[in-house]
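Encoded as structure tokens, the structure appears first; notes follow it.
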Amino acid sequence: MIVRIRLVAAPLSETIERGVMTDLEPGIRLNRFQVDSLQAAIDLILGTGLMAMRSILSGQTEPDYPEQIAKIILKTLGVADAWLFALASRSRKRTLN
């Protein structure tokens, strides 16, 4: 069923996938992301994002859940903890201002 739904929503999926690639490809080129397969990385991001949205909409998450998801995705892509800390600090400062 999930595969069939994707086929119906293909134009939207392609647009979202292009958006992910726009961010992912430069990160790979700059060696910020360590991935063996571009498609596997895209699937990781989109699949995790989809399930995270489902959890948020069902009210099963903490207020910092989006940040938790982003951190897990970035760690899986090979981003170092120090870089993640710097990104999180910048994000918190923007939120507080």
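As shown in the structure tokens, the chain order sets the letters A, B, ...; within each chain, residues go from 1, and ligands are also counted from 1 in the order they appear.
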Check your understanding: Which neighbours of region 75-83 of chain A fall inside 12 Å, counting only C-alpha atoms, when residues of the same chain fewer than 2 positions from it are skipped, and could you give them as a VMD selection string?
Key -> chain A and resid 24 to 25 27 to 28 30 to 38 40 to 45 48 68 to 73 85 to 90
Review point. So what do you get for CA of Leu84 (chain A) versus CA of Glu17 (chain A), distance-wise?
Key: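 Result for CA of Leu84 (chain A) versus CA of Glu17 (chain A): 23.3 Å, one decimal.
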Exercise for review: Identify which of the residues A:Gly47, A:Arg29, A:Leu74, A:Asp64 lies closest to Ile16 (chain A), counting only C-alpha atoms when measuring atom-to-atom distances.
Suggested key: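 Selected residue with least distance to Ile16 (chain A): A:Gly47.
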Could you give me, as a compact mmCIF listing (two decimals) with N, CA and C atoms, in the first residue's frame, the residues within 12 Å of Met53 (chain A), counting only C-alpha atoms and dropping anything in the same chain fewer than 6 positions from it?
# COMPACT_ATOMS: atom_id res chain seq x y z
N LEU A 46 13.92 11.21 3.92
CA LEU A 46 12.47 11.29 3.66
C LEU A 46 11.67 10.34 4.53
N GLY A 47 12.15 9.14 4.71
CA GLY A 47 11.43 8.17 5.55
C GLY A 47 11.37 8.59 7.00
N GLY A 59 0.76 13.90 18.46
CA GLY A 59 0.97 14.45 19.79
C GLY A 59 1.85 13.62 20.69
N GLN A 60 2.68 12.76 20.12
CA GLN A 60 3.50 11.84 20.91
C GLN A 60 4.93 12.33 21.13
N THR A 61 5.20 13.62 20.96
CA THR A 61 6.59 14.08 20.98
C THR A 61 6.81 15.21 21.98
N TYR A 65 11.49 17.73 19.75
CA TYR A 65 11.53 16.55 18.88
C TYR A 65 12.08 16.84 17.48
N PRO A 66 11.69 17.94 16.83
CA PRO A 66 12.28 18.21 15.50
C PRO A 66 13.81 18.29 15.54
N ILE A 69 15.24 14.77 15.83
CA ILE A 69 15.22 14.09 14.53
C ILE A 69 16.34 14.60 13.64
Exercise for review: Could you please determine the separation between CA of Gly19 (chain A) and CA of Leu50 (chain A) in Å, to one decimal place?
Suggested key: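 Atom-to-atom, CA of Gly19 (chain A) and CA of Leu50 (chain A) are spaced 14.7 Å apart.
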